[in-house]
Structure formats: C-alpha cells, structure tokens
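Inspection log for the structure reproduced underneath, given as structure tokens.
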Amino acid sequence: MIALRALIIYEELLREFLGELSRAVGLEESLELGLGYLSRRLRLENAALFWWDDSRQALTMQYVFQDDTLMEGEEEILVNASSQLHMLIQELRPVIVSKGTPWLVYLPLTSKGTLIGALRLTRKRPIPRGRVLEKLPPLRAQRRSAIREYPLLEDVSNILSTKLQEVFHEQTHRKKEEYFQAGAEVATAVMETPRLKEMLEAVCRSLVVHLGFDRIRFYLIHPGRDVLAGIVGLQIPGRCLNIESESYPIKSGVNPLVDVILAGRSDVQVDAAGPRVVYVPIVIRGQVVGCMSVDNLLSQQEIDGEQQSVLKTLAGQIGMAIANAKLFEDIEQQAITDGLTKLYVYRYFQQRLKEEMDRADRYSYSVALIMMDVDNFKKFNDTYGHPLGDKVLEFLAHTIRSNIRRIDLASRYGGDEFILLLPEITEQEAWLMAARLLSALKTCTLRAPSGDPIKVTVTMGAALYPSDAANARDLIEFADKAMYWAKRNNRGDIAFHRVVSEK
C-alpha cells in the first residue's frame, strides 16, 4: 500500500510539474512556474538554477526561487575531481549531497547529451515519513544503482532539461528573427533615408528595438579636421541623445573611440571594462572613417559574440550608407548654396523662412529678418573691376557666417544684397548682432590694385515677426523698406521697421 501510494504521488507530481512548465513562455516564466511548483510540493527552502561553464569548470548561479520569488543569483561553484559534484558533471546523474537536515540535491540539466547546467534543491526541514523522497540514499551510496531506486530526481531533471531546450530553441529562433528584422530595417533606412543624421537615427532605433542594446552612438572623423565628432545617439526607451558637442582629437590614448580609429581594423573591439561595451569601426572603401559605440551599461548584460557578428555585418551596410549620405548632402548643398558666396540661395531661404515662422507660432517666439546691401558696390566694380567686386562679396559672406549663430540662416538675395533669418530672437538681440557684424566689417583686409585698403560698409533694414508683419511677404517687404530708409538717412547703419514706421 505504501509503495502504491508513493507511486500515485510520484506520478501526480511529475504530471503537475510538466503541466506547469507547459503553460510557461520563456525562461523566467518557466523557472517561476516550475520551480515554484517544486518548492510548494516538496516544501523546499529554495531552488536554484546554475549554468555550466566548461572552460572554467564552474557552475554559476543564474536564478534562485525563494520565498515565492524568482531572483537573480550570484553564487559560483568550482568543480574539480575531488568535488562531490564531479559525478554530476561526468555521469550526468543527480547528486545527493545531504539527505538529512538540510536536504540538498543537485540535478543535471542537459541538451543533446551535454551538460548545460544544474538545478539545486534545498530543504532545511526534515521530510515527513511516507513522502516520495522519504528514503533518499545516503551520501556514501551515490552509485548509479542507488540513484535508480528513486527515479523521481532523474525524471524532474529530464523534464526541466527538455523544457529548457524548447526555450533555448525558441530564443534562438526569435533572435534570428530579430536579427533579420534589424537587418531589414537598417537596409530600408539606408535606401530610403538619404540624409546622414536621419539615417543614423533610424539605424539606432532599429538596433535598440531588435537587438536590445541600452545605448548606441555614432562618431565620424570630421572632414578637414583632425577630430572624431559625435553625430547622433539613442538610448532606451528610444530617447535621442545630443552628442554633437562631443569631439576628440585623433591622438592615441585620448579616448577608446579614437584608439579604435587609429587601430585601422574592421573587427569589433571590446572595451577594457568588458563585453558590456563594444566598438564597431565604420569602414568606407577600406578606410576607417568612424565608429559605432554600443553598450549595455544600464542592464549590465554582456554583448555576446553573435550580437557582435551581427553588428559587424550591419556596419558594412552603414558604411556604404554614410558614403552615399555624404554624397547626397554634398549634391544637395551645391543645389541650395550660391557658388560665389557659399551662402544659401534665396529659393531655399524662402522655404526655411516659412518653416521658422510656423515654429514661431507654435512656440510663441519672434523671428527677425534683416535685409543687407553693400554700400557703393557699383563703384567697386566700375573702379576696380568685377574680380575685386567678387572678393568683396566673398569677404562679406565670410564675415556674416562668422558672426551669426548656428540656428541663423544667411542667404544671397541677389547681386550685392543679402538676407538674414534670425529665429528665437528679440529686437534688442537682433540689433546687437547687427552692430557686431557692422563692427567686424571694419577689419576688412582687402586692398585695391594700387595697394590702398578697401573700406566695406553695408546698410541694413530689419523687421520682426509677428510684431511687425503677419506673413512672410510683408516681413521681407518691411525689412527692405527699412533698409532703403537707412540708405537715404543713415548709410552704413541699421534701421528697424517699427522705428521707421513711427517717423
């Protein structure tokens, strides 16, 4: 009767254990349901999962189920020939370390006949008589024949091993799908997003979503400058990072990113802190031109060899995309900039003016527009010839670029006239900028063929949106009228529409 009752309990336990695992999806849920069931049914103190590291001959705890909670583990057990767990490793059999109080047993977890880990069950209270595990063999009787007397341990081990194999297979399949999806989205971004920054933002977003990295940053060697400059970055949960202010001189030892560039290799390089940070060189036509930095510093998850291989493959696509994006931007820049002054053409200026006025409405700030005309420019051309007149325009354009903000826009309006767009600015701030520009023009180093210095002055007119004008056409017209008022009354200075209209 006792044997029959034990058999019934034994079969019921295995059936319910298998039922719990069959409901689970993924590793953590499988462990939470499976180990939770074993803990309740066998009244365990805890149940711990270890992975086997064959190279180090060590069992490393990954999870422990205790007090109805699945937690990450930190314990490590080195296994040598004299260890009680040596039979677990060599024969893939359960090992009963102690059958008393506490009761302690290790169950091997296998995949295709190879050890992948172990399950440790711990119970501090004695097992009541009549239970399935009442007559566990003593420590000295850890022979194959003794273990067979109690097949429950092997059956639990086999059931959990089978579930882990299923989970790993699903994870591998899901990983491959994610890698494929990341590659497909990167390819789409490369083909459909010609602008460099937008393309790299799309690439970052795909890699963070599908490969699960905490943060990705892109750096490129600045053309014409011996520095590595930040372009764009992204970190979970999809928040863009402004890294444009980051730049590092191309010198050894300055920064790991720079060292990757100087190494001149296309291989993925692991940071000295470990594989939670990797650097992927960006190569164009055999030349390292930048670097992709990928890290899991927040989650502390290692970036494994498979992920590094995927990153290296995608870096090849990204390198070609960067080359194409730079070519596109060069062509686009040529189309929207004036050949002589290198300022924007008026057609592009009109487009940007509308965009900035829309933003001004949305965020409730002012936009200033300044019209500018070179004083006595016809006299330059008539007296010294058009080549010197062109040099005057080039000097003026260079002075403008050097004295406006990054968010400002300068355009050649036509002939010797220029137009400036100054977003997010007050009338006082616009006046100070114009005064700085007028002062800078006094440093002109151009000389006439006779050697005499050439004096370059300009007259400006300004109007503000929305205080002066309600639309783009009126804004340009009012700034133009203010400029011509200044030419008649105060050449070489600036006049504001608000002031002129009151006179």
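Residue numbering restarts at 1 for every chain of the structure tokens, chains are lettered A, B, ... in their displayed order, and ligands are numbered from 1 as they appear.
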
For Arg498 of chain A, please output as a ChimeraX atom specification all residues within 10 Å (counting only C-alpha atoms; exclusion window: fewer than 5 positions along the same chain). /A:427,462-464,467-468,478-479,482,503

With only C-alpha atoms as the counted atoms, please give the residues lying no more than 9 Å from Gln84 of chain A, apart from itself and same-chain residues fewer than 3 positions off, as a PyMOL selection string. chain A and resi 79-81+87-88+95-97

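Those residues in segment 257-318 of chain A carrying a DSSP assignment of helix (DSSP H, G or I), computed from the backbone, are Leu257, Val258, Asp259, Val260, Ile261, Leu262, Ala263, Gly305, Glu306, Gln307, Gln308, Ser309, Val310, Leu311, Lys312, Thr313, Leu314, Ala315, Gly316, Gln317 and Ile318 of chain A.
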
Mind dumping the selected residues with all heavy atoms as a compact mmCIF listing (two decimals), in the first residue's frame?
```txt
# COMPACT_ATOMS: atom_id res chain seq x y z
N LEU A 257 37.37 55.41 -28.32
CA LEU A 257 36.82 55.58 -29.67
C LEU A 257 37.92 55.94 -30.65
O LEU A 257 37.98 55.42 -31.77
CB LEU A 257 35.74 56.66 -29.67
CG LEU A 257 34.45 56.35 -28.91
CD1 LEU A 257 33.72 57.65 -28.59
CD2 LEU A 257 33.57 55.42 -29.71
N VAL A 258 38.80 56.86 -30.23
CA VAL A 258 39.90 57.30 -31.09
C VAL A 258 40.88 56.15 -31.31
O VAL A 258 41.40 55.95 -32.42
CB VAL A 258 40.61 58.51 -30.49
CG1 VAL A 258 41.81 58.92 -31.34
CG2 VAL A 258 39.64 59.68 -30.35
N ASP A 259 41.12 55.36 -30.27
CA ASP A 259 42.04 54.23 -30.40
C ASP A 259 41.51 53.22 -31.42
O ASP A 259 42.29 52.59 -32.14
CB ASP A 259 42.23 53.54 -29.04
CG ASP A 259 42.97 54.44 -28.05
OD1 ASP A 259 43.69 55.36 -28.51
OD2 ASP A 259 42.83 54.22 -26.83
N VAL A 260 40.20 53.06 -31.48
CA VAL A 260 39.60 52.17 -32.48
C VAL A 260 39.89 52.70 -33.88
O VAL A 260 40.22 51.94 -34.80
CB VAL A 260 38.07 52.05 -32.26
CG1 VAL A 260 37.40 51.36 -33.43
CG2 VAL A 260 37.79 51.29 -30.98
N ILE A 261 39.77 54.02 -34.06
CA ILE A 261 40.05 54.63 -35.37
C ILE A 261 41.51 54.43 -35.74
O ILE A 261 41.83 54.04 -36.87
CB ILE A 261 39.71 56.14 -35.33
CG1 ILE A 261 38.25 56.37 -34.97
CG2 ILE A 261 40.06 56.80 -36.66
CD1 ILE A 261 37.26 55.85 -35.99
N LEU A 262 42.40 54.69 -34.79
CA LEU A 262 43.84 54.59 -35.07
C LEU A 262 44.28 53.16 -35.33
O LEU A 262 45.25 52.94 -36.05
CB LEU A 262 44.63 55.18 -33.90
CG LEU A 262 44.47 56.69 -33.68
CD1 LEU A 262 45.20 57.14 -32.41
CD2 LEU A 262 44.98 57.47 -34.88
N ALA A 263 43.56 52.18 -34.76
CA ALA A 263 43.93 50.78 -34.98
C ALA A 263 43.75 50.40 -36.45
O ALA A 263 44.45 49.52 -36.96
CB ALA A 263 43.09 49.87 -34.09
N GLY A 305 29.09 37.13 -28.67
CA GLY A 305 29.77 37.04 -29.96
C GLY A 305 28.83 37.09 -31.14
O GLY A 305 29.16 37.66 -32.20
N GLU A 306 27.64 36.51 -30.99
CA GLU A 306 26.67 36.53 -32.08
C GLU A 306 26.18 37.94 -32.36
O GLU A 306 26.07 38.36 -33.51
CB GLU A 306 25.50 35.61 -31.73
CG GLU A 306 24.56 35.35 -32.90
CD GLU A 306 23.49 34.32 -32.57
OE1 GLU A 306 23.41 33.91 -31.40
OE2 GLU A 306 22.75 33.95 -33.50
N GLN A 307 25.92 38.69 -31.29
CA GLN A 307 25.49 40.08 -31.47
C GLN A 307 26.61 40.92 -32.09
O GLN A 307 26.35 41.76 -32.94
CB GLN A 307 25.08 40.66 -30.12
CG GLN A 307 23.79 40.10 -29.57
CD GLN A 307 23.48 40.63 -28.19
OE1 GLN A 307 24.34 40.63 -27.31
NE2 GLN A 307 22.26 41.08 -27.98
N GLN A 308 27.84 40.68 -31.66
CA GLN A 308 28.98 41.40 -32.24
C GLN A 308 29.12 41.10 -33.72
O GLN A 308 29.42 41.99 -34.52
CB GLN A 308 30.25 41.02 -31.49
CG GLN A 308 30.29 41.49 -30.05
CD GLN A 308 31.55 41.07 -29.33
OE1 GLN A 308 32.61 40.92 -29.93
NE2 GLN A 308 31.46 40.87 -28.02
N SER A 309 28.88 39.84 -34.09
CA SER A 309 28.96 39.46 -35.51
C SER A 309 27.89 40.18 -36.32
O SER A 309 28.15 40.65 -37.44
CB SER A 309 28.81 37.94 -35.64
OG SER A 309 28.83 37.55 -36.99
N VAL A 310 26.67 40.28 -35.76
CA VAL A 310 25.59 40.98 -36.46
C VAL A 310 25.95 42.46 -36.62
O VAL A 310 25.75 43.05 -37.70
CB VAL A 310 24.27 40.84 -35.68
CG1 VAL A 310 23.19 41.74 -36.27
CG2 VAL A 310 23.79 39.39 -35.70
N LEU A 311 26.49 43.06 -35.57
CA LEU A 311 26.88 44.47 -35.64
C LEU A 311 27.94 44.71 -36.70
O LEU A 311 27.89 45.70 -37.44
CB LEU A 311 27.41 44.93 -34.27
CG LEU A 311 26.36 45.11 -33.17
CD1 LEU A 311 27.04 45.36 -31.83
CD2 LEU A 311 25.41 46.24 -33.49
N LYS A 312 28.92 43.79 -36.79
CA LYS A 312 29.97 43.94 -37.80
C LYS A 312 29.40 43.87 -39.20
O LYS A 312 29.78 44.64 -40.09
CB LYS A 312 31.04 42.87 -37.60
CG LYS A 312 32.19 43.00 -38.58
CD LYS A 312 33.25 41.94 -38.34
CE LYS A 312 34.37 42.07 -39.37
NZ LYS A 312 35.41 41.03 -39.18
N THR A 313 28.45 42.93 -39.40
CA THR A 313 27.82 42.81 -40.72
C THR A 313 27.05 44.07 -41.07
O THR A 313 27.14 44.58 -42.19
CB THR A 313 26.87 41.59 -40.73
OG1 THR A 313 27.62 40.41 -40.45
CG2 THR A 313 26.19 41.45 -42.08
N LEU A 314 26.27 44.57 -40.10
CA LEU A 314 25.47 45.78 -40.36
C LEU A 314 26.36 47.01 -40.55
O LEU A 314 26.00 47.92 -41.28
CB LEU A 314 24.50 46.02 -39.20
CG LEU A 314 23.41 44.96 -39.02
CD1 LEU A 314 22.55 45.29 -37.82
CD2 LEU A 314 22.54 44.86 -40.26
N ALA A 315 27.54 47.00 -39.90
CA ALA A 315 28.45 48.15 -40.05
C ALA A 315 28.89 48.32 -41.49
O ALA A 315 29.14 49.43 -41.95
CB ALA A 315 29.67 47.97 -39.14
N GLY A 316 28.99 47.20 -42.23
CA GLY A 316 29.34 47.29 -43.64
C GLY A 316 28.28 48.04 -44.42
O GLY A 316 28.59 48.91 -45.26
N GLN A 317 27.00 47.72 -44.15
CA GLN A 317 25.90 48.42 -44.80
C GLN A 317 25.89 49.89 -44.41
O GLN A 317 25.68 50.77 -45.24
CB GLN A 317 24.56 47.80 -44.41
CG GLN A 317 24.28 46.43 -44.98
CD GLN A 317 22.93 45.92 -44.52
OE1 GLN A 317 22.79 45.36 -43.45
NE2 GLN A 317 21.92 46.14 -45.34
N ILE A 318 26.10 50.13 -43.12
CA ILE A 318 26.06 51.50 -42.62
C ILE A 318 27.18 52.33 -43.24
O ILE A 318 26.99 53.51 -43.56
CB ILE A 318 26.17 51.50 -41.08
CG1 ILE A 318 24.94 50.81 -40.47
CG2 ILE A 318 26.30 52.92 -40.54
CD1 ILE A 318 25.08 50.48 -39.01
```

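All residues within segment 297-388 of chain A that the backbone DSSP calculation assigns to strand (DSSP E or B) are Thr337, Tyr344, Val345, Val367, Ala368, Leu369, Ile370, Met371, Met372, Asp373 and Val374 of chain A.
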
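Nearest to Ala187 of chain A of all the residues A:Leu44, A:Leu441, A:Met320, A:Tyr365 is A:Met320, counting only C-alpha atoms.
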
Please provide as JSON, numbers by chain all residues within 8 Å of segment 492-497 of chain A, with the sequence filter that same-chain residues fewer than 3 positions apart are discarded (counting only C-alpha atoms). {"A": [375, 431, 434, 438, 457, 458, 459, 460, 461, 462, 463, 468, 478, 479, 481, 482, 483, 485, 486, 487, 500, 501]}

Export C-alpha atoms of the chosen residues as a short mmCIF file (atom, residue, chain, number, x, y, z; two decimals), in the first residue's frame?
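Written output follows (out_24.cif):
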```
data_model
loop_
_atom_site.label_atom_id
_atom_site.label_comp_id
_atom_site.auth_asym_id
_atom_site.auth_seq_id
_atom_site.Cartn_x
_atom_site.Cartn_y
_atom_site.Cartn_z
CA ASP A 375 27.23 100.44 -49.94
CA TRP A 431 20.27 94.98 -33.04
CA ALA A 434 23.79 93.65 -36.50
CA LEU A 438 29.00 96.12 -38.76
CA THR A 457 30.28 99.04 -45.36
CA VAL A 458 26.71 97.79 -45.54
CA THR A 459 23.30 99.20 -44.73
CA MET A 460 20.66 97.04 -43.07
CA GLY A 461 16.93 97.03 -42.55
CA ALA A 462 15.12 94.75 -40.11
CA ALA A 463 11.58 93.63 -39.36
CA ASP A 468 5.80 93.91 -37.44
CA PHE A 478 9.09 95.84 -44.41
CA ALA A 479 12.75 94.89 -43.87
CA LYS A 481 11.79 99.37 -46.88
CA ALA A 482 13.64 99.91 -43.60
CA MET A 483 16.94 99.23 -45.39
CA TRP A 485 15.16 104.32 -45.46
CA ALA A 486 18.56 103.80 -43.78
CA LYS A 487 20.36 104.24 -47.13
CA VAL A 500 10.91 103.85 -39.25
CA SER A 501 7.14 103.41 -39.41
#
```

Contact residues around Thr162 of chain A with only C-alpha atoms at 12 Å, ignoring same-chain residues under 2 positions, as a ChimeraX atom specification: /A:18,21-22,30,108-113,116,155-160,164-169

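In terms of minimum interatomic distance to His386 of chain A, A:Asp416 ranks closest within A:Glu201, A:Asp416, A:Glu45, A:Glu355, counting only C-alpha atoms.
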
Using only C-alpha atoms, which residue out of A:Arg174, A:Lys379, A:Lys342, A:Arg473 lies closest to Ser411 of chain A? A:Lys342

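A straight line drawn from atom CA of Pro275 of chain A to atom CA of Arg239 of chain A is 23.0 Å long.
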
Which residues are close to Val283 of chain A, i.e. within 7 Å by only C-alpha atoms, leaving aside same-chain residues fewer than 6 positions away? Reply as number ranges by chain. A: 266, 289, 316, 319

Considering only C-alpha atoms, give me a table of residues in segment 360-438 of chain A that are at most 12 Å from segment 449-452 of chain A, with the closest atom pair and distance in Å for each, as CSV.
```
residue,atom,partner,partner_atom,distance
A:Phe380,CA,A:Pro449,CA,11.8
A:Thr383,CA,A:Pro449,CA,10.3
A:Tyr384,CA,A:Pro449,CA,7.6
A:Gly385,CA,A:Pro449,CA,10.2
A:Pro387,CA,A:Pro449,CA,11.2
A:Leu388,CA,A:Pro449,CA,9.1
```

Keeping only C-alpha atoms, take the residues you just selected and write them out as an mmCIF file, in the first residue's frame.
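Generated file (result.cif):
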```
data_model
loop_
_atom_site.group_PDB
_atom_site.id
_atom_site.type_symbol
_atom_site.label_atom_id
_atom_site.label_comp_id
_atom_site.auth_asym_id
_atom_site.auth_seq_id
_atom_site.Cartn_x
_atom_site.Cartn_y
_atom_site.Cartn_z
ATOM 1 C CA PHE A 380 33.784 98.875 -56.643
ATOM 2 C CA THR A 383 36.633 101.358 -60.357
ATOM 3 C CA TYR A 384 38.417 98.062 -59.695
ATOM 4 C CA GLY A 385 36.619 95.559 -61.919
ATOM 5 C CA PRO A 387 37.029 90.267 -59.797
ATOM 6 C CA LEU A 388 37.596 92.623 -56.862
#
```

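If only C-alpha atoms are the atoms counted, then among A:Gln301, A:Thr341, A:Ser247, A:Gln90 the closest residue to Val392 of chain A is A:Thr341.
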
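Considering the residues A:Gly339, A:Leu33, A:Gln300, A:Lys251 and counting only C-alpha atoms, Ala273 of chain A has its shortest atom-to-atom contact with A:Gln300.
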
Report as a PyMOL selection string all protein, DNA and RNA residues lying within 12 Å of Arg56 of chain A, evaluated on only C-alpha atoms, omitting residues in the same chain fewer than 3 positions from it. chain A and resi 51-53+59-60+76-80

Those residues with N, CA, C and O atoms, as a PDB file, in the first residue's frame please?
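Below is the file that was written, part.pdb:
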```pdb
ATOM      1  N   TRP A  51      24.196  27.634 -14.512  1.00  0.00           N
ATOM      2  CA  TRP A  51      24.716  27.304 -15.841  1.00  0.00           C
ATOM      3  C   TRP A  51      26.123  26.729 -15.689  1.00  0.00           C
ATOM      4  O   TRP A  51      26.877  27.133 -14.805  1.00  0.00           O
ATOM      5  N   TRP A  52      26.459  25.799 -16.583  1.00  0.00           N
ATOM      6  CA  TRP A  52      27.770  25.145 -16.542  1.00  0.00           C
ATOM      7  C   TRP A  52      28.727  25.838 -17.501  1.00  0.00           C
ATOM      8  O   TRP A  52      28.421  26.017 -18.688  1.00  0.00           O
ATOM      9  N   ASP A  53      29.877  26.270 -16.992  1.00  0.00           N
ATOM     10  CA  ASP A  53      30.933  26.868 -17.805  1.00  0.00           C
ATOM     11  C   ASP A  53      32.046  25.843 -17.925  1.00  0.00           C
ATOM     12  O   ASP A  53      32.843  25.659 -17.010  1.00  0.00           O
ATOM     13  N   LEU A  59      30.086  26.006 -11.968  1.00  0.00           N
ATOM     14  CA  LEU A  59      28.644  26.204 -12.007  1.00  0.00           C
ATOM     15  C   LEU A  59      28.356  27.617 -11.488  1.00  0.00           C
ATOM     16  O   LEU A  59      28.777  27.976 -10.388  1.00  0.00           O
ATOM     17  N   THR A  60      27.666  28.413 -12.302  1.00  0.00           N
ATOM     18  CA  THR A  60      27.367  29.798 -11.928  1.00  0.00           C
ATOM     19  C   THR A  60      25.864  29.967 -11.768  1.00  0.00           C
ATOM     20  O   THR A  60      25.107  29.701 -12.701  1.00  0.00           O
ATOM     21  N   GLU A  76      28.855  30.959  -7.160  1.00  0.00           N
ATOM     22  CA  GLU A  76      29.652  30.203  -8.131  1.00  0.00           C
ATOM     23  C   GLU A  76      30.295  29.005  -7.431  1.00  0.00           C
ATOM     24  O   GLU A  76      30.788  29.132  -6.307  1.00  0.00           O
ATOM     25  N   ILE A  77      30.260  27.838  -8.088  1.00  0.00           N
ATOM     26  CA  ILE A  77      30.823  26.618  -7.519  1.00  0.00           C
ATOM     27  C   ILE A  77      31.838  26.048  -8.496  1.00  0.00           C
ATOM     28  O   ILE A  77      31.489  25.703  -9.640  1.00  0.00           O
ATOM     29  N   LEU A  78      33.098  25.977  -8.081  1.00  0.00           N
ATOM     30  CA  LEU A  78      34.135  25.357  -8.904  1.00  0.00           C
ATOM     31  C   LEU A  78      34.093  23.854  -8.681  1.00  0.00           C
ATOM     32  O   LEU A  78      33.992  23.374  -7.550  1.00  0.00           O
ATOM     33  N   VAL A  79      34.169  23.093  -9.766  1.00  0.00           N
ATOM     34  CA  VAL A  79      34.060  21.631  -9.693  1.00  0.00           C
ATOM     35  C   VAL A  79      35.372  21.004 -10.145  1.00  0.00           C
ATOM     36  O   VAL A  79      35.802  21.206 -11.290  1.00  0.00           O
ATOM     37  N   ASN A  80      36.029  20.272  -9.250  1.00  0.00           N
ATOM     38  CA  ASN A  80      37.243  19.549  -9.621  1.00  0.00           C
ATOM     39  C   ASN A  80      37.037  18.057  -9.357  1.00  0.00           C
ATOM     40  O   ASN A  80      35.952  17.616  -8.951  1.00  0.00           O
TER      41      ASN A  80
END
```

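Each of A:Leu475, A:Leu115, A:Leu14, A:Ile404 was compared to Ala58 of chain A using only C-alpha atoms, and A:Leu115 turns out to be the nearest.
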
As a check of understanding: the span from atom CA of Arg43 of chain A to atom CA of Arg123 of chain A is 6.9 Å

Name all residues at most 12 Å from Val456 of chain A (count only C-alpha atoms; drop same-chain ones fewer than 6 positions away) and give them as number ranges by chain. A: 373-377, 379-380, 388-389, 391-396, 399, 416, 437-448, 492
